[in-house]
$ cat target.txt   # compact mmCIF, C-alpha atoms
# COMPACT_ATOMS: atom_id res chain seq x y z
CA MET F 1 65.18 43.03 -52.01
CA ALA F 2 63.28 39.95 -51.02
CA ARG F 3 60.49 38.80 -53.26
CA LEU F 4 57.03 39.89 -52.05
CA ASN F 5 55.02 36.92 -50.77
CA ASP F 6 51.36 37.45 -51.76
CA ASP F 7 49.93 34.03 -50.87
CA ALA F 8 47.79 35.38 -48.00
CA GLN F 9 46.35 38.10 -50.23
CA TRP F 10 45.11 35.43 -52.64
CA ILE F 11 43.36 33.55 -49.86
CA ILE F 12 41.63 36.70 -48.56
CA LEU F 13 40.49 37.78 -52.04
CA MET F 14 39.12 34.34 -52.83
CA GLY F 15 37.27 34.40 -49.51
CA PHE F 16 35.78 37.74 -50.55
CA LEU F 17 34.59 36.36 -53.86
CA VAL F 18 32.99 33.32 -52.31
CA SER F 19 31.19 35.40 -49.69
CA PHE F 20 29.93 37.83 -52.33
CA SER F 21 28.52 35.05 -54.43
CA LEU F 22 26.73 33.64 -51.37
CA PHE F 23 25.44 37.15 -50.60
CA PHE F 24 23.99 37.49 -54.07
CA LEU F 25 22.30 34.11 -53.88
CA ALA F 26 20.73 35.10 -50.57
CA LEU F 27 19.50 38.37 -52.12
CA VAL F 28 17.88 36.52 -54.99
CA ILE F 29 16.06 34.17 -52.62
CA ASN F 30 15.04 37.11 -50.43
CA GLN F 31 13.59 39.06 -53.35
CA SER F 32 11.54 36.15 -54.59
CA THR F 33 9.08 36.49 -51.69
CA VAL F 34 8.40 40.21 -51.97
CA VAL F 35 6.71 42.23 -54.66
CA GLY F 36 5.77 45.86 -55.03
CA GLN F 37 2.08 45.43 -55.63
CA THR F 38 0.49 42.07 -55.21
CA THR F 39 -2.03 40.30 -57.38
CA ALA F 40 -4.49 40.19 -54.50
CA GLU F 41 -4.14 43.93 -54.03
CA SER F 42 -4.93 44.49 -57.68
CA VAL F 43 -8.03 42.35 -57.31
CA ILE F 44 -9.15 44.44 -54.34
CA GLU F 45 -8.49 47.66 -56.22
CA PHE F 46 -10.57 46.66 -59.22
CA PRO F 47 -14.19 47.65 -58.40
CA LYS F 48 -15.94 44.66 -59.93
CA ASN F 49 -18.50 44.31 -57.17
CA ASP F 50 -19.03 48.07 -56.94
CA ILE F 51 -19.84 48.33 -60.63
CA ARG F 52 -22.15 45.31 -60.61
CA ASP F 53 -23.89 46.60 -57.50
CA VAL F 54 -24.44 50.16 -58.69
CA ARG F 55 -25.52 48.90 -62.10
CA GLY F 56 -28.00 46.56 -60.45
CA VAL F 57 -29.55 49.25 -58.29
CA ILE F 58 -29.77 51.68 -61.20
CA ILE F 59 -31.60 49.14 -63.33
CA SER F 60 -33.92 48.00 -60.54
CA SER F 61 -34.89 51.59 -59.70
CA ALA F 62 -35.29 52.73 -63.32
CA LYS F 63 -39.08 52.72 -63.07
CA ASP F 64 -39.35 54.39 -59.66
CA THR F 65 -41.91 57.15 -59.42
CA ASN F 66 -39.51 59.40 -57.51
CA PHE F 67 -36.68 58.66 -59.90
CA ASN F 68 -34.83 61.93 -59.31
CA VAL F 69 -34.62 61.41 -55.54
CA VAL F 70 -33.23 57.89 -55.95
CA ARG F 71 -30.79 59.06 -58.59
CA SER F 72 -29.48 61.82 -56.32
CA ASP F 73 -29.11 59.26 -53.52
CA ILE F 74 -26.98 57.04 -55.74
CA THR F 75 -24.76 59.78 -57.16
CA VAL F 76 -24.22 61.66 -53.88
CA ILE F 77 -23.53 58.57 -51.76
CA SER F 78 -21.27 57.07 -54.46
CA LEU F 79 -19.14 60.17 -54.44
CA SER F 80 -18.90 60.57 -50.69
CA ARG F 81 -18.70 56.93 -49.55
CA LYS F 82 -17.24 55.06 -52.55
CA ASN F 83 -15.08 57.78 -54.11
CA ALA F 84 -16.72 57.12 -57.45
CA VAL F 85 -18.41 59.45 -59.87
CA VAL F 86 -21.64 57.82 -60.99
CA ASN F 87 -23.84 59.46 -63.56
CA TYR F 88 -26.74 57.97 -65.45
CA LYS F 89 -29.75 58.79 -67.53
CA VAL F 90 -32.84 56.66 -67.98
CA THR F 91 -35.22 56.98 -70.92
CA GLN F 92 -38.70 55.58 -70.36
CA PRO F 93 -40.48 53.53 -73.08
CA GLN F 94 -42.15 55.49 -75.84
CA PRO F 95 -44.77 53.13 -77.27
CA PRO F 96 -45.59 52.06 -79.82
CA ALA F 97 -42.25 52.83 -81.48
CA ASP F 98 -40.05 51.80 -78.55
CA MET F 99 -41.18 49.46 -75.77
CA HIS F 100 -37.87 49.42 -73.92
CA ILE F 101 -36.31 51.31 -71.06
CA HIS F 102 -32.88 52.67 -71.95
CA ALA F 103 -30.18 53.63 -69.48
CA ILE F 104 -26.82 55.25 -70.09
CA ILE F 105 -24.55 54.56 -67.13
CA HIS F 106 -21.17 56.13 -66.38
CA TYR F 107 -18.90 55.05 -63.55
CA ASN F 108 -15.44 56.41 -62.79
CA ASN F 109 -13.51 56.00 -59.55
CA GLY F 110 -10.34 57.65 -60.82
CA VAL F 111 -8.67 54.35 -61.71
CA THR F 112 -11.35 52.34 -63.44
CA GLU F 113 -13.89 53.73 -65.87
CA PHE F 114 -17.07 51.96 -66.90
CA ASP F 115 -19.65 53.05 -69.44
CA GLU F 116 -22.73 51.13 -70.45
CA THR F 117 -25.79 51.57 -72.56
CA TRP F 118 -28.43 49.28 -71.16
CA THR F 119 -31.72 48.30 -72.77
CA SER F 120 -34.49 46.46 -70.95
CA LEU F 121 -36.03 43.30 -72.34
CA MET R 28 57.43 31.33 -64.67
CA VAL R 29 53.97 32.83 -65.08
CA ASN R 30 53.58 36.11 -63.24
CA THR R 31 50.20 36.31 -61.44
CA ASN R 32 50.43 39.93 -60.33
CA GLY R 33 48.02 41.18 -62.99
CA GLN R 34 45.47 38.59 -62.05
CA LEU R 35 45.70 39.63 -58.42
CA TYR R 36 45.05 43.28 -59.27
CA THR R 37 42.08 42.32 -61.44
CA ILE R 38 40.41 40.31 -58.72
CA GLU R 39 41.14 43.03 -56.17
CA GLY R 40 39.48 45.62 -58.39
CA PHE R 41 36.55 43.28 -58.92
CA ALA R 42 36.07 42.84 -55.18
CA ALA R 43 36.27 46.60 -54.59
CA ALA R 44 33.65 47.19 -57.29
CA LEU R 45 31.33 44.64 -55.69
CA ILE R 46 31.67 46.31 -52.30
CA MET R 47 30.70 49.66 -53.80
CA ILE R 48 27.76 48.24 -55.77
CA ILE R 49 26.36 46.41 -52.75
CA THR R 50 26.70 49.55 -50.63
CA ALA R 51 24.81 51.61 -53.20
CA TYR R 52 22.20 48.86 -53.49
CA LEU R 53 21.60 48.75 -49.75
CA VAL R 54 21.39 52.54 -49.48
CA VAL R 55 18.88 52.89 -52.33
CA ASN R 56 16.79 49.99 -51.06
CA ALA R 57 16.61 51.28 -47.52
CA THR R 58 14.04 53.91 -48.53
CA SER R 59 11.58 51.66 -50.36
CA ILE R 60 8.87 49.64 -48.66
CA TYR R 61 8.06 46.17 -49.85
CA THR R 62 5.12 44.06 -48.82
CA ALA R 63 5.17 40.32 -48.75
CA GLY R 64 3.50 38.69 -51.71
CA ASP R 65 0.65 37.09 -49.76
CA THR R 66 -0.31 40.08 -47.57
CA HIS R 67 -3.53 40.96 -49.33
CA ILE R 68 -4.85 37.50 -50.10
CA SER R 69 -6.72 37.18 -46.80
CA ASP R 70 -8.11 40.72 -47.25
CA MET R 71 -9.34 39.86 -50.71
CA GLN R 72 -11.04 36.70 -49.48
CA LEU R 73 -12.65 38.48 -46.53
CA GLU R 74 -13.97 41.21 -48.80
CA ALA R 75 -15.35 38.68 -51.26
CA LEU R 76 -17.02 36.80 -48.42
CA GLY R 77 -18.64 39.96 -47.07
CA THR R 78 -19.81 41.05 -50.50
CA ASP R 79 -21.34 37.64 -51.10
CA ALA R 80 -23.10 37.65 -47.73
CA LEU R 81 -24.55 41.12 -48.36
CA MET R 82 -25.55 40.07 -51.87
CA ALA R 83 -27.40 37.07 -50.43
CA MET R 84 -29.14 39.24 -47.84
CA GLY R 85 -30.03 41.85 -50.46
CA THR R 86 -31.79 39.39 -52.74
CA ASN R 87 -35.54 38.84 -52.48
CA GLU R 88 -37.06 35.40 -52.80
CA SER R 89 -39.80 36.53 -55.15
CA GLN R 90 -41.11 39.71 -56.71
CA LEU R 91 -43.75 39.86 -54.00
CA SER R 92 -41.39 39.71 -51.04
CA MET R 93 -38.74 42.12 -49.85
CA SER R 94 -35.11 41.16 -49.38
CA PRO R 95 -34.00 40.50 -45.78
CA LEU R 96 -31.75 43.56 -45.92
CA ARG R 97 -34.60 45.80 -47.03
CA THR R 98 -36.92 44.39 -44.38
CA ILE R 99 -34.31 45.04 -41.72
CA ILE R 100 -33.66 48.64 -42.74
CA GLU R 101 -37.31 49.53 -43.28
CA GLY R 102 -38.40 47.92 -40.03
CA THR R 103 -35.86 49.57 -37.76
CA PRO R 104 -35.90 53.24 -36.71
CA VAL R 105 -32.89 55.12 -38.11
CA GLY R 106 -29.80 54.37 -36.04
CA ASN R 107 -31.34 51.64 -33.86
CA ASN R 108 -29.74 48.27 -33.34
CA ASN R 109 -31.21 45.34 -35.27
CA ALA R 110 -30.39 41.88 -33.97
CA THR R 111 -31.89 40.13 -37.01
CA PHE R 112 -29.15 41.56 -39.20
CA GLY R 113 -26.57 40.23 -36.75
CA ALA R 114 -28.06 36.74 -36.74
CA ASN R 115 -28.33 36.54 -40.54
CA PHE R 116 -25.02 38.14 -41.41
CA SER R 117 -23.04 36.39 -38.72
CA TYR R 118 -24.40 33.04 -39.86
CA LEU R 119 -23.49 33.75 -43.50
CA ILE R 120 -19.91 34.79 -42.82
CA ASN R 121 -19.04 32.55 -39.88
CA ASN R 122 -20.75 29.26 -40.64
CA ARG R 123 -18.22 26.68 -41.76
CA GLY R 124 -20.55 23.74 -42.14
CA ASN R 125 -19.47 22.10 -38.91
CA SER R 126 -19.95 22.86 -35.25
CA ASP R 127 -16.88 25.10 -35.14
CA PRO R 128 -17.77 28.53 -36.54
CA ASP R 129 -15.29 31.12 -37.79
CA HIS R 130 -14.44 34.22 -35.75
CA ILE R 131 -15.05 37.09 -38.15
CA GLN R 132 -16.23 40.26 -36.44
CA TYR R 133 -18.18 43.03 -38.14
CA ILE R 134 -19.75 46.43 -37.66
CA ALA R 135 -22.55 47.46 -39.99
CA ASN R 136 -23.92 50.88 -40.90
CA TYR R 137 -25.86 52.33 -43.76
CA SER R 138 -25.38 55.71 -45.39
CA TYR R 139 -28.27 57.80 -46.59
CA ARG R 140 -28.56 61.21 -48.17
CA ASN R 141 -30.17 64.06 -46.30
CA ILE R 142 -32.53 65.57 -48.87
CA ALA R 143 -32.40 69.04 -47.34
CA ASP R 144 -28.70 69.73 -47.74
CA ASN R 145 -27.36 66.72 -49.72
CA SER R 146 -25.16 65.69 -46.82
CA VAL R 147 -24.55 61.98 -46.22
CA ASN R 148 -25.44 60.58 -42.83
CA SER R 149 -24.54 57.22 -41.36
CA ALA R 150 -26.95 55.07 -39.36
CA PHE R 151 -25.93 52.17 -37.18
CA ILE R 152 -27.42 48.72 -37.85
CA ASN R 153 -25.57 46.11 -35.82
CA ALA R 154 -22.12 45.11 -34.63
CA SER R 155 -20.61 41.96 -33.21
CA ARG R 156 -17.95 44.00 -31.45
CA ASN R 157 -16.94 47.63 -31.05
CA LEU R 158 -14.13 49.04 -33.15
CA SER R 159 -11.08 49.75 -31.04
CA GLY R 160 -9.01 51.20 -33.86
CA GLY R 161 -6.42 48.45 -34.02
CA GLU R 162 -8.31 46.13 -36.33
CA HIS R 163 -7.21 45.48 -39.86
CA ALA R 164 -10.67 45.75 -41.35
CA VAL R 165 -11.96 45.42 -44.91
CA ARG R 166 -15.16 47.01 -46.16
CA ALA R 167 -17.99 45.39 -48.09
CA THR R 168 -20.91 47.45 -49.40
CA LYS R 169 -24.33 46.86 -50.91
CA TRP R 170 -26.89 49.25 -52.41
CA VAL R 171 -30.42 48.77 -51.13
CA VAL R 172 -33.62 50.48 -52.25
CA VAL R 173 -35.90 51.08 -49.27
CA ASN R 174 -39.26 52.73 -48.79
CA LYS R 175 -38.60 54.77 -45.68
CA GLN R 176 -38.43 58.18 -44.06
CA LEU R 177 -34.79 59.23 -44.41
CA PRO R 178 -34.04 61.27 -42.38
CA GLY R 179 -36.75 60.59 -39.83
CA ASP R 180 -38.71 63.80 -40.40
CA SER R 181 -39.07 63.53 -44.19
CA VAL R 182 -41.77 61.81 -46.23
CA VAL R 183 -41.98 58.07 -46.89
CA GLN R 184 -40.70 57.37 -50.37
CA ASN R 185 -38.32 55.09 -52.23
CA ARG R 186 -34.75 55.88 -51.27
CA THR R 187 -31.39 54.29 -52.01
CA VAL R 188 -29.02 53.62 -49.14
CA LEU R 189 -25.57 52.10 -49.07
CA VAL R 190 -25.07 49.35 -46.50
CA GLU R 191 -21.45 49.31 -45.36
CA VAL R 192 -19.93 46.53 -43.32
CA LEU R 193 -16.45 46.57 -41.82
CA MET R 194 -15.14 43.06 -41.25
CA TRP R 195 -12.06 41.78 -39.51
CA ARG R 196 -10.69 38.67 -37.83
CA ASP R 197 -9.48 38.64 -34.28
$ encode --input "target.txt" --output "structure tokens"
Amino acid sequence: MARLNDDAQWIILMGFLVSFSLFFLALVINQSTVVGQTTAESVIEFPKNDIRDVRGVIISSAKDTNFNVVRSDITVISLSRKNAVVNYKVTQPQPPADMHIHAIIHYNNGVTEFDETWTSL
Amino acid sequence: MVNTNGQLYTIEGFAAALIMIITAYLVVNATSIYTAGDTHISDMQLEALGTDALMAMGTNESQLSMSPLRTIIEGTPVGNNNATFGANFSYLINNRGNSDPDHIQYIANYSYRNIADNSVNSAFINASRNLSGGEHAVRATKWVVVNKQLPGDSVVQNRTVLVEVLMWRD
């Protein structure tokens, strides 16, 4: 029986290996440009401006005469338009023992939770 | 003489394994969705710009004066167009400091609570263009305290409304 000549098989297999290594390099380069969730998306998701804004309006309306109407506006609209549960309580000054307005603010949009106890100057 | 048969089988097995791994990799990956790393950067910047513009318009110059945003909402009947908002807001978001302004479009509404049934209604303020549905818009919002009849048949009192602006580039 003649000896089996496997020279061509070597060449094909080596070609395979070289092409696979190139394929892997291309995959690595391809993956470097994509990510699951981007940094910018995380920044958008985090409600920094929402919290600052709702906190600002709560504090600026703390002395309103129709406090309960304004508070209902804030909580109802927050829930329906901003998907955030906002709840707060304001305690008016009780002189002479306490000259400050106190507010307890809760904010939760399902991802981020914020709680604050605020005291006026 | 060195026999290379074993080596040949090893490399052949290696190649077969790689083919199977790559096939599995491609199949598993076909179902997942990736977004490019810089997709949301422009959204983030547009949202920050809109929030800043609304913040500027919602700030009063002194304790005696009302903020431009409050003046606009109090001075316009519910749902009516207000061109002053358009002029102010458009200048804030589109001005680039030279004679060539940016092309950001917007549509602005505010939401208020109906005292009678706690429902939330939306009132139009101003728009630079109508929404066609194909825009990739971001939303910026600002709380404003106004002294106004909301809805139109209720009493005048302090109310809180949420100004909402959709912004997009075209």
$ interface_residues --input "target.txt" --of "chain F" --to "chain R" --cutoff "8 Å" --atoms "all atoms listed in the file" --output "compact mmCIF listing (two decimals) with C-alpha atoms, keeping the file's coordinate frame"
# COMPACT_ATOMS: atom_id res chain seq x y z
CA TRP F 10 45.11 35.43 -52.64
CA LEU F 13 40.49 37.78 -52.04
CA PHE F 16 35.78 37.74 -50.55
CA LEU F 17 34.59 36.36 -53.86
CA PHE F 20 29.93 37.83 -52.33
CA THR F 33 9.08 36.49 -51.69
CA VAL F 34 8.40 40.21 -51.97
CA VAL F 35 6.71 42.23 -54.66
CA GLY F 36 5.77 45.86 -55.03
CA GLN F 37 2.08 45.43 -55.63
CA THR F 38 0.49 42.07 -55.21
CA ALA F 40 -4.49 40.19 -54.50
CA GLU F 41 -4.14 43.93 -54.03
CA VAL F 43 -8.03 42.35 -57.31
CA ILE F 44 -9.15 44.44 -54.34
CA ASN F 49 -18.50 44.31 -57.17
CA ASP F 50 -19.03 48.07 -56.94
CA ASP F 53 -23.89 46.60 -57.50
CA VAL F 54 -24.44 50.16 -58.69
CA VAL F 57 -29.55 49.25 -58.29
CA SER F 61 -34.89 51.59 -59.70
CA ASP F 64 -39.35 54.39 -59.66
CA ASN F 66 -39.51 59.40 -57.51
CA VAL F 69 -34.62 61.41 -55.54
CA VAL F 70 -33.23 57.89 -55.95
CA ASP F 73 -29.11 59.26 -53.52
CA ILE F 74 -26.98 57.04 -55.74
CA VAL F 76 -24.22 61.66 -53.88
CA ILE F 77 -23.53 58.57 -51.76
CA SER F 80 -18.90 60.57 -50.69
CA ARG F 81 -18.70 56.93 -49.55
$ residues_around --input "target.txt" --residues "Ala110 of chain R" --least-positions-apart "4" --cutoff "12 Å" --atoms "all atoms listed in the file" --output "VMD selection string"
chain R and resid 99 to 100 102 to 103 114 to 117 135 151 to 155
$ atom_distance --input "target.txt" --atom1 "atom CA of Ala164 of chain R" --atom2 "atom CA of Gly77 of chain R"
11.4 Å
$ atom_distance --input "target.txt" --atom1 "atom CA of Ala83 of chain R" --atom2 "atom CA of Arg97 of chain R"
11.8 Å
$ residues_around --input "target.txt" --residues "His102 of chain F" --least-positions-apart "6" --cutoff "8 Å" --atoms "all atoms listed in the file" --output "list in words"
Val90, Thr91, Gln92, Pro93, Thr117, Trp118, Thr119 and Ser120 of chain F
$ atom_distance --input "target.txt" --atom1 "atom CA of Tyr107 of chain F" --atom2 "atom CA of Met194 of chain R"
25.6 Å
$ closest_residue --input "target.txt" --among "R:Val105, R:Ser92, R:Ile134, R:Val182" --to "Glu162 of chain R" --atoms "only C-alpha atoms"
R:Ile134
$ closest_residue --input "target.txt" --among "R:Gly106, R:Thr86, R:Asn157, R:Ala80" --to "Leu119 of chain R" --atoms "only C-alpha atoms"
R:Ala80
$ closest_residue --input "target.txt" --among "R:Val29, R:Tyr52, R:Leu91, R:Val183" --to "Leu27 of chain F" --atoms "only C-alpha atoms"
R:Tyr52
